[in-house]
>>> print(open('work.cif').read())   # mmCIF, C-alpha atoms and all ligand atoms
data_query
loop_
_atom_site.label_atom_id
_atom_site.label_comp_id
_atom_site.auth_asym_id
_atom_site.auth_seq_id
_atom_site.Cartn_x
_atom_site.Cartn_y
_atom_site.Cartn_z
CA MET A 1386 3.59 29.63 28.95
CA ASN A 1387 3.35 26.98 31.70
CA LYS A 1388 2.78 23.32 30.79
CA ASP A 1389 -0.74 23.10 32.26
CA LEU A 1390 -1.88 26.05 30.15
CA ILE A 1391 -0.25 24.52 27.07
CA GLU A 1392 -2.22 21.26 27.60
CA ASN A 1393 -5.39 23.19 28.40
CA ILE A 1394 -5.30 25.12 25.12
CA GLY A 1395 -4.75 21.87 23.21
CA ASP A 1396 -7.45 19.82 24.92
CA ASN A 1397 -10.02 22.59 24.63
CA HIS A 1398 -9.06 23.42 21.05
CA ILE A 1399 -8.88 27.10 21.77
CA SER A 1400 -8.26 29.29 18.75
CA THR A 1401 -7.29 32.91 19.18
CA ASN A 1402 -7.81 34.35 15.72
CA ILE A 1403 -9.76 33.83 12.47
CA GLU A 1404 -6.52 34.39 10.57
CA THR A 1405 -3.90 31.66 10.72
CA PRO A 1406 -1.12 33.13 12.89
CA LEU A 1407 1.80 33.58 10.49
CA LEU A 1408 5.15 35.30 10.84
CA PRO A 1409 5.70 38.37 8.63
CA ASN A 1410 8.57 36.59 6.88
CA ALA A 1411 6.70 33.27 6.57
CA PHE A 1412 7.46 32.76 2.89
CA ASP A 1413 10.81 34.48 2.42
CA LYS A 1414 12.44 31.07 2.02
CA SER A 1415 11.75 28.81 -0.94
CA ASP A 1416 10.00 25.46 -0.50
CA ASP A 1417 13.32 23.71 -1.13
CA GLU A 1418 15.04 25.70 1.63
CA LYS A 1419 12.21 24.90 4.03
CA ILE A 1420 12.39 21.19 3.19
CA GLU A 1421 16.15 21.19 3.79
CA ASN A 1422 15.79 22.91 7.19
CA ILE A 1423 12.84 20.80 8.38
CA LYS A 1424 14.71 17.67 7.31
CA HIS A 1425 17.59 18.71 9.57
CA HIS A 1426 15.34 19.47 12.55
CA PHE A 1427 13.23 16.34 12.18
CA ALA A 1428 16.35 14.17 12.07
CA LYS A 1429 17.25 15.74 15.43
CA ILE A 1430 13.81 14.86 16.85
CA MET A 1431 14.19 11.26 15.67
CA GLU A 1432 17.68 11.05 17.17
CA GLU A 1433 16.39 12.48 20.44
CA LEU A 1434 13.79 9.71 20.51
CA GLY A 1435 16.68 7.27 20.23
CA LEU A 1436 16.25 6.17 16.62
CA ASP A 1437 19.23 5.08 14.52
CA LEU A 1438 19.16 7.13 11.34
CA THR A 1439 21.80 5.01 9.68
CA ASP A 1440 19.17 2.27 9.32
CA ASP A 1441 18.07 2.00 5.69
CA SER A 1442 14.41 2.18 6.61
CA LEU A 1443 14.82 5.38 8.66
CA SER A 1444 17.52 7.25 6.80
CA GLY A 1445 15.14 8.82 4.28
CA THR A 1446 12.40 9.62 6.79
CA PRO A 1447 13.52 13.19 7.66
CA TYR A 1448 13.40 14.11 3.95
CA ARG A 1449 10.06 12.36 3.36
CA PHE A 1450 8.64 14.06 6.45
CA ALA A 1451 9.87 17.52 5.43
CA LYS A 1452 8.61 17.21 1.86
CA MET A 1453 5.23 15.95 3.06
CA TYR A 1454 4.87 18.93 5.42
CA VAL A 1455 5.82 21.61 2.91
CA LYS A 1456 4.34 20.20 -0.30
CA GLU A 1457 1.35 18.20 0.89
CA LEU A 1458 -0.06 18.53 4.42
CA PHE A 1459 0.63 22.26 4.77
CA TYR A 1460 0.70 23.52 1.17
CA GLY A 1461 -2.30 25.69 2.08
CA LEU A 1462 -0.20 27.95 4.31
CA ASN A 1463 1.34 29.64 1.31
CA PRO A 1464 -0.96 32.16 -0.43
CA LYS A 1465 0.74 31.41 -3.75
CA ASN A 1466 -1.02 28.02 -3.66
CA LYS A 1467 -4.48 29.49 -3.23
CA PRO A 1468 -6.79 28.24 -6.01
CA LYS A 1469 -8.05 30.80 -8.47
CA LEU A 1470 -11.78 30.99 -7.89
CA SER A 1471 -13.49 31.29 -11.27
CA ILE A 1472 -16.67 33.28 -11.02
CA PHE A 1473 -19.36 33.44 -13.69
CA GLU A 1474 -22.39 35.61 -14.35
CA ASN A 1475 -25.53 33.98 -13.02
CA LYS A 1476 -27.02 33.75 -16.52
CA TYR A 1477 -29.67 31.21 -15.54
CA LYS A 1478 -30.91 33.60 -12.87
CA TYR A 1479 -30.75 30.65 -10.49
CA LYS A 1480 -31.83 32.17 -7.18
CA LYS A 1481 -32.34 29.16 -4.93
CA MET A 1482 -29.92 27.36 -2.68
CA LEU A 1483 -27.09 25.40 -4.26
CA VAL A 1484 -25.57 22.69 -2.04
CA GLU A 1485 -22.13 21.15 -2.50
CA GLN A 1486 -21.85 18.30 -0.05
CA ASN A 1487 -19.56 15.50 1.14
CA ILE A 1488 -16.45 17.54 0.38
CA THR A 1489 -13.49 15.69 1.82
CA ILE A 1490 -11.74 17.30 4.78
CA ASP A 1491 -8.12 16.28 5.20
CA SER A 1492 -6.66 18.62 7.75
CA SER A 1493 -4.39 18.71 10.79
CA CYS A 1494 -4.99 20.02 14.28
CA GLU A 1495 -2.67 22.91 15.09
CA HIS A 1496 -2.44 21.93 18.75
CA HIS A 1497 -1.10 18.40 18.20
CA PHE A 1498 -0.30 18.20 14.46
CA LEU A 1499 -2.54 15.13 14.13
CA PRO A 1500 -5.10 14.50 11.37
CA ILE A 1501 -8.60 15.94 11.25
CA THR A 1502 -10.72 14.00 8.74
CA GLY A 1503 -14.32 14.35 7.73
CA HIS A 1504 -16.64 16.20 5.38
CA ALA A 1505 -17.79 19.70 4.64
CA HIS A 1506 -21.24 20.60 3.34
CA ILE A 1507 -21.58 24.05 1.85
CA ALA A 1508 -24.47 25.98 0.37
CA TYR A 1509 -25.05 29.43 -1.03
CA ILE A 1510 -27.85 31.38 -2.60
CA PRO A 1511 -26.54 33.10 -5.73
CA LYS A 1512 -27.08 36.76 -6.48
CA ASP A 1513 -25.43 37.95 -9.70
CA LYS A 1514 -22.41 35.60 -9.49
CA VAL A 1515 -21.94 31.82 -9.41
CA ILE A 1516 -18.78 29.83 -8.78
CA GLY A 1517 -17.43 26.77 -10.62
CA LEU A 1518 -18.49 23.83 -8.43
CA SER A 1519 -15.07 22.20 -8.14
CA LYS A 1520 -13.68 25.55 -6.94
CA ILE A 1521 -15.59 25.16 -3.69
CA ASN A 1522 -13.85 21.79 -3.16
CA ARG A 1523 -10.48 23.32 -4.02
CA LEU A 1524 -10.98 26.20 -1.59
CA VAL A 1525 -11.85 23.73 1.20
CA ASP A 1526 -8.78 21.65 0.34
CA TYR A 1527 -6.55 24.73 0.42
CA TYR A 1528 -7.66 25.98 3.85
CA ALA A 1529 -7.71 22.43 5.25
CA HIS A 1530 -4.05 21.95 4.38
CA ARG A 1531 -2.71 24.08 7.20
CA PRO A 1532 -2.37 23.45 10.88
CA GLN A 1533 -6.00 24.19 11.78
CA VAL A 1534 -8.73 24.57 14.33
CA GLN A 1535 -12.06 23.34 12.96
CA GLU A 1536 -13.93 26.53 13.89
CA ARG A 1537 -11.37 28.69 12.08
CA LEU A 1538 -11.41 26.43 9.03
CA SER A 1539 -15.20 26.86 8.79
CA LEU A 1540 -14.92 30.65 9.09
CA GLN A 1541 -12.09 31.02 6.60
CA ILE A 1542 -14.09 29.11 3.96
CA LEU A 1543 -17.25 31.08 4.73
CA LYS A 1544 -15.57 34.51 4.53
CA ASP A 1545 -13.84 33.74 1.25
CA LEU A 1546 -17.00 32.44 -0.41
CA GLN A 1547 -18.98 35.44 0.80
CA ALA A 1548 -16.38 37.80 -0.59
CA VAL A 1549 -16.00 36.14 -3.97
CA LEU A 1550 -19.74 35.55 -4.48
CA ASN A 1551 -20.62 39.01 -3.22
CA THR A 1552 -23.33 37.70 -0.90
CA LYS A 1553 -23.70 36.93 2.80
CA ASP A 1554 -26.02 34.00 2.00
CA VAL A 1555 -23.53 31.18 2.61
CA ILE A 1556 -23.50 28.27 5.08
CA VAL A 1557 -20.54 26.03 5.90
CA MET A 1558 -20.97 22.87 7.97
CA ILE A 1559 -18.07 20.60 8.83
CA SER A 1560 -18.23 17.24 10.63
CA ALA A 1561 -14.85 15.75 11.40
CA LYS A 1562 -12.96 13.32 13.58
CA HIS A 1563 -9.88 14.54 15.39
CA LEU A 1564 -7.12 12.03 15.91
CA CYS A 1565 -5.95 13.99 18.93
CA VAL A 1566 -9.27 13.08 20.57
CA SER A 1567 -9.45 9.48 19.32
CA SER A 1568 -5.82 8.36 19.63
CA ARG A 1569 -4.51 10.25 22.65
CA GLY A 1570 -5.93 12.17 25.61
CA ILE A 1571 -9.51 10.95 26.17
CA LYS A 1572 -9.09 8.31 23.37
CA ASP A 1573 -12.71 8.46 22.28
CA LYS A 1574 -12.88 6.56 18.98
CA ASP A 1575 -16.46 7.40 18.06
CA SER A 1576 -17.05 11.07 18.79
CA PHE A 1577 -16.82 13.67 16.07
CA THR A 1578 -17.14 17.42 15.96
CA THR A 1579 -19.59 19.50 13.94
CA THR A 1580 -19.23 23.22 13.30
CA ILE A 1581 -21.72 25.41 11.47
CA GLU A 1582 -21.07 28.95 10.30
CA TYR A 1583 -23.57 31.00 8.31
CA ASP A 1584 -25.00 34.44 7.68
CA GLY A 1585 -27.55 36.28 5.55
CA GLU A 1586 -30.57 34.19 4.49
CA PHE A 1587 -29.26 31.29 6.56
CA ASN A 1588 -30.05 33.25 9.72
CA ASN A 1589 -33.61 32.19 8.83
CA GLU A 1590 -34.33 28.85 10.51
CA LEU A 1591 -36.45 27.64 7.58
CA GLN A 1592 -33.56 28.20 5.20
CA ARG A 1593 -31.17 26.38 7.52
CA ASN A 1594 -33.60 23.48 7.91
CA GLU A 1595 -33.90 23.14 4.14
CA PHE A 1596 -30.10 22.86 4.01
CA PHE A 1597 -29.98 20.30 6.84
CA GLY A 1598 -32.74 18.28 5.15
CA ILE A 1599 -30.73 17.99 1.96
CA VAL A 1600 -27.50 17.15 3.78
CA ASN A 1601 -29.20 14.52 5.97
CA ASN A 1602 -31.04 12.85 3.10
CA SER A 1603 -28.05 12.64 0.85
CA SER A 1604 -27.97 9.36 -1.06
CA THR A 1605 -24.87 9.84 -3.19
ZN ZN B 1 -5.52 18.53 18.73
#
>>> encode(input="work.cif", output="structure tokens", more="lines below")
Ligand SMILES: [Zn+2]
Amino acid sequence: MNKDLIENIGDNHISTNIETPLLPNAFDKSDDEKIENIKHHFAKIMEELGLDLTDDSLSGTPYRFAKMYVKELFYGLNPKNKPKLSIFENKYKYKKMLVEQNITIDSSCEHHFLPITGHAHIAYIPKDKVIGLSKINRLVDYYAHRPQVQERLSLQILKDLQAVLNTKDVIVMISAKHLCVSSRGIKDKDSFTTTIEYDGEFNNELQRNEFFGIVNNSST
């Protein structure tokens, strides 16, 4: 791929697939093996930049970096880390919209590996199943902790909730700042990006407006 096209894909945040592109053998190695290999490669990057890795302050950085990538920032790549989504019978027969809002988004852009930070607001209208509230937050956290594109993150959360709740009536809204927009390239410090994915009852504008009203008037 030529360098102009590479920059173009990054600056326009083009995503090619709803699934995160993974190699078939993505998790053949253990976390410890991955940390050891990434440590080696990141030391090479630091050396290439001209840094002296014998300095006490820098010598542990390749390990810290590798561990942070595998265990923290990108733990959500590995399906074994996916949270178990506890589902309950809707015994109350609650049939109206339930909104879980201000869910923290801590993610990374897959084009520049820089932070994406913001909030998700999610609602669904239960049929026969309801989900433990904190499980929505955990699902968001899981999908956020991969190299991401905001549109794909929204869709991955939406599809999973629809599947597990056995209803199409779900809406996912994410507003987030991208460090690759604020700290490099155009360097716009104030802009942020909002994505909205929905289906089912949320195709109805009145239902969507009820959701937006709650999200916009949030006082907590
Ligand atoms: Zn980016």
>>> residues_around(input="work.cif", residues="range 1454-1462 of chain A", least_positions_apart="3", cutoff="10 Å", atoms="only C-alpha atoms", output="compact mmCIF listing (two decimals) with C-alpha atoms, keeping the file's coordinate frame")
# COMPACT_ATOMS: atom_id res chain seq x y z
CA THR A 1405 -3.90 31.66 10.72
CA LEU A 1407 1.80 33.58 10.49
CA ALA A 1411 6.70 33.27 6.57
CA PHE A 1412 7.46 32.76 2.89
CA ASP A 1416 10.00 25.46 -0.50
CA ASP A 1417 13.32 23.71 -1.13
CA LYS A 1419 12.21 24.90 4.03
CA ILE A 1420 12.39 21.19 3.19
CA ILE A 1423 12.84 20.80 8.38
CA TYR A 1448 13.40 14.11 3.95
CA ARG A 1449 10.06 12.36 3.36
CA PHE A 1450 8.64 14.06 6.45
CA ALA A 1451 9.87 17.52 5.43
CA LYS A 1465 0.74 31.41 -3.75
CA ASN A 1466 -1.02 28.02 -3.66
CA LYS A 1467 -4.48 29.49 -3.23
CA PRO A 1468 -6.79 28.24 -6.01
CA ASP A 1491 -8.12 16.28 5.20
CA SER A 1492 -6.66 18.62 7.75
CA SER A 1493 -4.39 18.71 10.79
CA PRO A 1500 -5.10 14.50 11.37
CA LEU A 1524 -10.98 26.20 -1.59
CA VAL A 1525 -11.85 23.73 1.20
CA ASP A 1526 -8.78 21.65 0.34
CA TYR A 1527 -6.55 24.73 0.42
CA TYR A 1528 -7.66 25.98 3.85
CA ALA A 1529 -7.71 22.43 5.25
CA HIS A 1530 -4.05 21.95 4.38
CA ARG A 1531 -2.71 24.08 7.20
CA PRO A 1532 -2.37 23.45 10.88
CA GLN A 1533 -6.00 24.19 11.78
>>> atom_distance(input="work.cif", atom1="CA of Leu1546 in chain A", atom2="CA of Ile1521 in chain A")
8.1 Å
>>> closest_residue(input="work.cif", among="A:His1504, A:Lys1574, A:His1496, A:Arg1523", to="ligand ZN 1 (chain B)", atoms="only C-alpha atoms and all ligand atoms")
A:His1496
>>> residues_around(input="work.cif", residues="Tyr1479 in chain A", least_positions_apart="3", cutoff="9 Å", atoms="all atoms listed in the file", output="list in words")
Asn1475, Lys1476, Met1482, Leu1483, Ile1510, Pro1511, Lys1512 and Val1515 of chain A
>>> closest_residue(input="work.cif", among="A:Asn1594, A:Asn1601, A:Ser1442, A:Asn1397", to="ligand ZN 1 (chain B)", atoms="all atoms listed in the file")
A:Asn1397
>>> residues_near_ligand(input="work.cif", ligand="ligand ZN 1 (chain B)", cutoff="6 Å", atoms="all atoms listed in the file", output="list in words")
Gly1395, Cys1494, His1496, His1497 and Cys1565 of chain A
>>> residues_near_point(input="work.cif", point="(-14.6, 29.1, 8.3)", cutoff="10 Å", atoms="only C-alpha atoms", output="list in words")
Ile1403, Glu1404, Val1525, Tyr1528, Val1534, Gln1535, Glu1536, Arg1537, Leu1538, Ser1539, Leu1540, Gln1541, Ile1542, Leu1543, Lys1544, Asp1545, Leu1546, Ile1556, Val1557, Met1558, Ile1559, Thr1580, Ile1581, Glu1582 and Tyr1583 of chain A
>>> atom_distance(input="work.cif", atom1="CA of Ser1568 in chain A", atom2="CA of Ile1501 in chain A")
11.6 Å
>>> atom_distance(input="work.cif", atom1="CA of Lys1514 in chain A", atom2="CA of Gly1598 in chain A")
24.9 Å
>>> residues_around(input="work.cif", residues="Glu1586 in chain A", least_positions_apart="3", cutoff="7 Å", atoms="all atoms listed in the file", output="ChimeraX atom specification")
/A:1554,1589,1592
>>> build_atoms(input="work.cif", residues="range 1479-1493 of chain A", atoms="N, CA, C and O atoms", output="mmCIF file, in the frame of the given file")
data_model
loop_
_atom_site.group_PDB
_atom_site.id
_atom_site.type_symbol
_atom_site.label_atom_id
_atom_site.label_comp_id
_atom_site.auth_asym_id
_atom_site.auth_seq_id
_atom_site.Cartn_x
_atom_site.Cartn_y
_atom_site.Cartn_z
ATOM 1 N N TYR A 1479 -30.472 31.623 -11.544
ATOM 2 C CA TYR A 1479 -30.750 30.650 -10.490
ATOM 3 C C TYR A 1479 -30.671 31.358 -9.147
ATOM 4 O O TYR A 1479 -29.627 31.910 -8.800
ATOM 5 N N LYS A 1480 -31.777 31.361 -8.414
ATOM 6 C CA LYS A 1480 -31.830 32.170 -7.180
ATOM 7 C C LYS A 1480 -32.082 31.326 -5.938
ATOM 8 O O LYS A 1480 -32.321 31.873 -4.871
ATOM 9 N N LYS A 1481 -32.099 30.010 -6.100
ATOM 10 C CA LYS A 1481 -32.340 29.160 -4.930
ATOM 11 C C LYS A 1481 -31.009 28.648 -4.388
ATOM 12 O O LYS A 1481 -29.950 28.899 -4.948
ATOM 13 N N MET A 1482 -31.128 27.870 -3.331
ATOM 14 C CA MET A 1482 -29.920 27.360 -2.680
ATOM 15 C C MET A 1482 -29.214 26.326 -3.554
ATOM 16 O O MET A 1482 -29.848 25.464 -4.152
ATOM 17 N N LEU A 1483 -27.910 26.425 -3.604
ATOM 18 C CA LEU A 1483 -27.090 25.400 -4.260
ATOM 19 C C LEU A 1483 -26.235 24.736 -3.172
ATOM 20 O O LEU A 1483 -25.589 25.435 -2.384
ATOM 21 N N VAL A 1484 -26.284 23.412 -3.102
ATOM 22 C CA VAL A 1484 -25.570 22.690 -2.040
ATOM 23 C C VAL A 1484 -24.453 21.844 -2.656
ATOM 24 O O VAL A 1484 -24.686 21.100 -3.602
ATOM 25 N N GLU A 1485 -23.262 22.014 -2.130
ATOM 26 C CA GLU A 1485 -22.130 21.150 -2.500
ATOM 27 C C GLU A 1485 -21.792 20.358 -1.241
ATOM 28 O O GLU A 1485 -21.395 20.941 -0.221
ATOM 29 N N GLN A 1486 -21.994 19.040 -1.291
ATOM 30 C CA GLN A 1486 -21.850 18.300 -0.050
ATOM 31 C C GLN A 1486 -20.871 17.139 -0.148
ATOM 32 O O GLN A 1486 -20.431 16.787 -1.242
ATOM 33 N N ASN A 1487 -20.546 16.597 1.028
ATOM 34 C CA ASN A 1487 -19.560 15.500 1.140
ATOM 35 C C ASN A 1487 -18.202 15.884 0.564
ATOM 36 O O ASN A 1487 -17.543 15.078 -0.090
ATOM 37 N N ILE A 1488 -17.792 17.109 0.795
ATOM 38 C CA ILE A 1488 -16.450 17.540 0.380
ATOM 39 C C ILE A 1488 -15.457 16.993 1.408
ATOM 40 O O ILE A 1488 -15.635 17.188 2.611
ATOM 41 N N THR A 1489 -14.452 16.312 0.911
ATOM 42 C CA THR A 1489 -13.490 15.690 1.820
ATOM 43 C C THR A 1489 -12.709 16.718 2.627
ATOM 44 O O THR A 1489 -12.210 17.696 2.066
ATOM 45 N N ILE A 1490 -12.616 16.490 3.915
ATOM 46 C CA ILE A 1490 -11.740 17.300 4.780
ATOM 47 C C ILE A 1490 -10.546 16.451 5.181
ATOM 48 O O ILE A 1490 -10.688 15.407 5.812
ATOM 49 N N ASP A 1491 -9.381 16.876 4.775
ATOM 50 C CA ASP A 1491 -8.120 16.280 5.200
ATOM 51 C C ASP A 1491 -7.307 17.398 5.813
ATOM 52 O O ASP A 1491 -6.698 18.181 5.090
ATOM 53 N N SER A 1492 -7.344 17.502 7.125
ATOM 54 C CA SER A 1492 -6.660 18.620 7.750
ATOM 55 C C SER A 1492 -5.808 18.121 8.910
ATOM 56 O O SER A 1492 -5.666 16.905 9.110
ATOM 57 N N SER A 1493 -5.233 19.056 9.641
ATOM 58 C CA SER A 1493 -4.390 18.710 10.790
ATOM 59 C C SER A 1493 -4.695 19.687 11.908
ATOM 60 O O SER A 1493 -4.883 20.882 11.667
#
